[in-house]
>>> print(open('final-v6.cif').read())   # mmCIF, C-alpha atoms
data_query
loop_
_atom_site.label_atom_id
_atom_site.label_comp_id
_atom_site.auth_asym_id
_atom_site.auth_seq_id
_atom_site.Cartn_x
_atom_site.Cartn_y
_atom_site.Cartn_z
CA MET T 26 0.00 0.00 0.00
CA ILE T 27 2.79 2.44 0.76
CA SER T 28 4.48 3.73 -2.38
CA LYS T 29 8.08 4.86 -2.81
CA LYS T 30 6.82 8.43 -3.26
CA THR T 31 5.15 8.26 0.16
CA ILE T 32 8.33 6.97 1.77
CA ASN T 33 10.33 9.77 0.14
CA ALA T 34 7.77 12.34 1.32
CA ILE T 35 8.07 11.05 4.88
CA GLU T 36 11.88 11.29 4.65
CA VAL T 37 11.60 14.87 3.35
CA CYS T 38 9.28 15.83 6.21
CA VAL T 39 11.49 14.19 8.84
CA PHE T 40 14.52 16.04 7.46
CA LEU T 41 12.65 19.36 7.41
CA ALA T 42 11.40 18.76 10.96
CA GLY T 43 14.96 18.15 12.12
CA ARG T 44 16.11 21.38 10.48
CA ARG T 45 13.18 23.45 11.75
CA ASN T 46 15.33 25.53 14.11
CA VAL T 47 17.83 26.34 11.35
CA GLY T 48 15.30 27.93 9.01
CA TYR T 49 14.17 27.35 5.47
CA VAL T 50 15.78 24.52 3.50
CA THR T 51 16.19 24.75 -0.28
CA THR T 52 15.67 21.92 -2.75
CA THR T 53 19.33 22.21 -3.77
CA GLU T 54 20.22 21.40 -0.18
CA LEU T 55 17.66 18.59 0.10
CA SER T 56 18.56 16.91 -3.19
CA PRO T 57 22.06 15.57 -2.35
CA ARG T 58 21.10 14.80 1.24
CA LEU T 59 18.17 12.58 0.28
CA ASP T 60 19.59 11.48 -3.08
CA LEU T 61 16.51 12.70 -4.98
CA SER T 62 16.30 14.94 -8.04
CA ILE T 63 15.22 18.54 -7.59
CA SER T 64 12.20 18.18 -9.88
CA TYR T 65 11.01 15.08 -7.97
CA LEU T 66 11.43 16.94 -4.68
CA GLU T 67 9.47 19.90 -6.01
CA ASN T 68 6.58 17.59 -6.97
CA ILE T 69 6.53 16.11 -3.47
CA LEU T 70 6.85 19.49 -1.77
CA LYS T 71 4.09 21.02 -3.90
CA LEU T 72 1.60 18.39 -2.71
CA LEU T 73 2.76 18.77 0.90
CA LYS T 74 2.36 22.54 0.59
CA ASP T 75 -1.14 22.18 -0.88
CA HIS T 76 -2.11 20.08 2.17
CA LYS T 77 -0.53 22.64 4.56
CA ILE T 78 2.14 20.30 5.92
CA VAL T 79 5.03 22.45 4.68
CA THR T 80 5.31 26.13 3.96
CA SER T 81 7.60 27.87 1.51
CA MET T 82 9.21 31.23 1.00
CA LYS T 83 10.61 32.56 -2.26
CA GLY T 84 13.76 34.58 -2.73
CA PRO T 85 17.11 34.72 -0.97
CA GLY T 86 17.00 32.87 2.32
CA GLY T 87 13.86 31.07 1.19
CA GLY T 88 13.03 27.43 0.85
CA TYR T 89 10.75 24.98 2.63
CA MET T 90 9.89 24.46 6.28
CA ILE T 91 7.45 22.29 8.24
CA GLN T 92 4.27 24.21 9.02
CA GLY T 93 2.86 23.89 12.51
CA ASP T 94 3.92 21.81 15.47
CA VAL T 95 5.88 18.67 14.57
CA SER T 96 4.32 16.79 17.49
CA CYS T 97 0.87 17.29 15.92
CA ILE T 98 1.71 16.02 12.41
CA SER T 99 1.35 12.25 12.24
CA MET T 100 2.98 9.99 9.70
CA TRP T 101 -0.49 9.17 8.40
CA ASP T 102 -1.12 12.88 7.71
CA ILE T 103 1.83 12.76 5.30
CA ALA T 104 1.00 9.35 3.82
CA PHE T 105 -2.64 10.35 3.27
CA VAL T 106 -1.51 13.03 0.79
CA PHE T 107 0.05 10.41 -1.50
CA GLU T 108 -1.88 7.19 -0.85
CA GLN T 109 -5.36 6.34 -2.09
CA THR T 110 -7.41 4.51 0.50
CA LEU T 111 -9.60 1.55 -0.34
CA ASP T 112 -12.66 3.50 0.75
CA GLY T 113 -12.01 6.05 -2.01
CA ALA T 114 -10.67 3.56 -4.56
CA HIS T 115 -13.87 3.17 -6.52
CA PRO T 116 -14.92 5.74 -9.14
CA ALA T 117 -17.72 8.13 -8.15
CA ASP T 118 -19.88 7.21 -11.16
CA ALA T 119 -19.86 3.47 -10.43
CA GLU T 120 -23.19 1.99 -9.42
CA LYS T 121 -21.76 -0.44 -6.91
CA PRO T 122 -18.34 -0.24 -5.26
CA PRO T 123 -16.08 -3.24 -5.88
CA LYS T 124 -16.21 -5.95 -3.25
CA LEU T 125 -13.09 -5.78 -1.15
CA ALA T 126 -11.66 -8.68 0.76
CA SER T 127 -11.78 -8.29 4.51
CA TYR T 128 -8.02 -8.79 4.78
CA GLU T 129 -7.41 -5.80 2.45
CA LEU T 130 -9.52 -3.52 4.62
CA GLY T 131 -7.97 -4.98 7.76
CA LEU T 132 -4.45 -4.39 6.44
CA GLU T 133 -5.32 -0.80 5.54
CA HIS T 134 -6.69 -0.17 9.04
CA VAL T 135 -3.55 -1.62 10.63
CA ILE T 136 -1.35 0.64 8.47
CA LYS T 137 -3.50 3.71 9.24
CA ASP T 138 -3.48 2.99 12.98
CA THR T 139 0.27 2.38 13.06
CA LEU T 140 1.16 5.50 11.08
CA SER T 141 -1.29 7.60 13.12
CA LYS T 142 0.49 6.67 16.37
CA PHE T 143 3.79 8.25 15.31
CA THR T 144 4.48 11.93 14.76
CA LEU T 145 7.31 13.82 13.10
CA SER T 146 8.79 14.65 16.51
CA ASP T 147 9.34 10.91 17.10
CA PHE T 148 11.73 10.72 14.13
CA ALA T 149 13.21 14.21 13.78
CA ASP T 150 16.78 14.47 15.05
CA THR T 151 17.42 17.94 16.41
CA SER T 152 20.91 17.25 17.76
CA SER T 153 23.65 19.76 17.09
CA ALA T 154 25.39 17.41 14.63
CA VAL T 155 22.36 17.48 12.34
CA MET T 156 21.91 21.23 12.76
CA LYS T 157 25.22 21.93 11.06
CA SER T 158 24.30 23.89 7.97
CA TYR T 159 24.95 22.70 4.46
CA ALA T 160 26.91 25.87 3.70
CA GLN T 161 29.39 25.04 6.44
CA GLU T 162 29.90 21.54 5.07
CA MET T 163 30.29 22.51 1.44
CA GLY T 164 32.17 25.76 1.97
CA ARG T 165 31.22 29.27 1.01
CA PHE T 166 31.19 28.79 -2.76
CA HIS T 167 29.76 25.24 -2.90
CA PHE T 168 32.66 23.85 -4.92
CA LYS T 169 32.96 20.14 -5.41
CA PRO T 170 35.80 18.48 -3.51
CA LEU T 171 39.10 18.47 -5.36
CA ALA T 172 40.29 15.28 -6.93
CA ALA T 173 43.23 13.54 -5.31
CA PRO T 174 46.49 14.85 -6.76
CA PHE T 175 48.09 12.63 -9.35
CA MET T 176 51.33 11.15 -8.12
CA PRO T 177 53.53 9.72 -10.87
CA LYS T 178 54.84 6.23 -10.31
CA ALA T 179 57.78 6.62 -12.66
CA PRO T 180 60.96 8.48 -11.71
CA ASN T 181 60.73 12.22 -12.11
CA SER T 182 64.28 12.85 -13.22
CA VAL T 183 67.54 11.14 -14.08
CA PHE T 184 68.65 11.44 -10.47
CA GLN T 185 65.58 9.61 -9.17
CA LEU T 186 66.08 6.90 -11.78
CA HIS T 187 69.52 6.06 -10.34
CA MET T 188 68.36 6.25 -6.73
CA THR T 189 65.52 3.77 -7.14
CA PHE T 190 67.80 0.87 -8.06
#
>>> encode(input="final-v6.cif", output="structure tokens")
Amino acid sequence: MISKKTINAIEVCVFLAGRRNVGYVTTTELSPRLDLSISYLENILKLLKDHKIVTSMKGPGGGYMIQGDVSCISMWDIAFVFEQTLDGAHPADAEKPPKLASYELGLEHVIKDTLSKFTLSDFADTSSAVMKSYAQEMGRFHFKPLAAPFMPKAPNSVFQLHMTF
């Protein structure tokens, strides 16, 4: 029942909840941390914003942040945005809803109950190690790390040639 998109959305929300005290988080910061493309993240964040789970701010210093109290947002609140329940699985114009097996409904209720018991505050890590900003890790100009210097294995000069034997 739980799709990969739902799992990624929960990971995004947990990360944003852990960074709540730091401020807004950009998609360029989220992308390498969660190993997701920026366009995929924007699709997830748009749906979360439409359901008032996250808020956003444009411009310099902007990005995304969890909206509201993290102890009041359950995991099911996030999963409900992306998952279609069996109750709403049948089309509205159908005369009779499809007959569902009792184990399917039972499994859905177990998943709903389990995800409803946990909130973002149960999973968000607000320790100082996580609060370290991305800018501090990557440096001021966000350059990629330098490649290891190439060390030749052959002698560099005639003098080194004679000394190696």
>>> resolve_selection(input="final-v6.cif", expression="the PyMOL selection byres ((chain T and resi 55) around 12)", output="JSON, numbers by chain")
{"T": [33, 34, 36, 37, 38, 39, 40, 41, 44, 49, 50, 51, 52, 53, 54, 56, 57, 58, 59, 60, 61, 62, 63, 64, 65, 66, 67, 69, 70, 88, 89, 90, 158, 159]}
>>> atom_distance(input="final-v6.cif", atom1="CA of Lys142 (chain T)", atom2="CA of Ser99 (chain T)")
7.0 Å
>>> residues_around(input="final-v6.cif", residues="Val106 (chain T)", least_positions_apart="2", cutoff="9 Å", atoms="all atoms listed in the file", output="MDAnalysis selection string")
chainID T and resid 31 72:73 76 101:104 108:109
>>> atom_distance(input="final-v6.cif", atom1="CA of Met100 (chain T)", atom2="CA of Gly87 (chain T)")
25.2 Å
>>> resolve_selection(input="final-v6.cif", expression="the PyMOL selection byres ((chain T and resi 144) around 6)", output="ChimeraX atom specification")
/T:96,98-100,143,145-147
>>> atom_distance(input="final-v6.cif", atom1="CA of Ile35 (chain T)", atom2="CA of Asp75 (chain T)")
15.6 Å
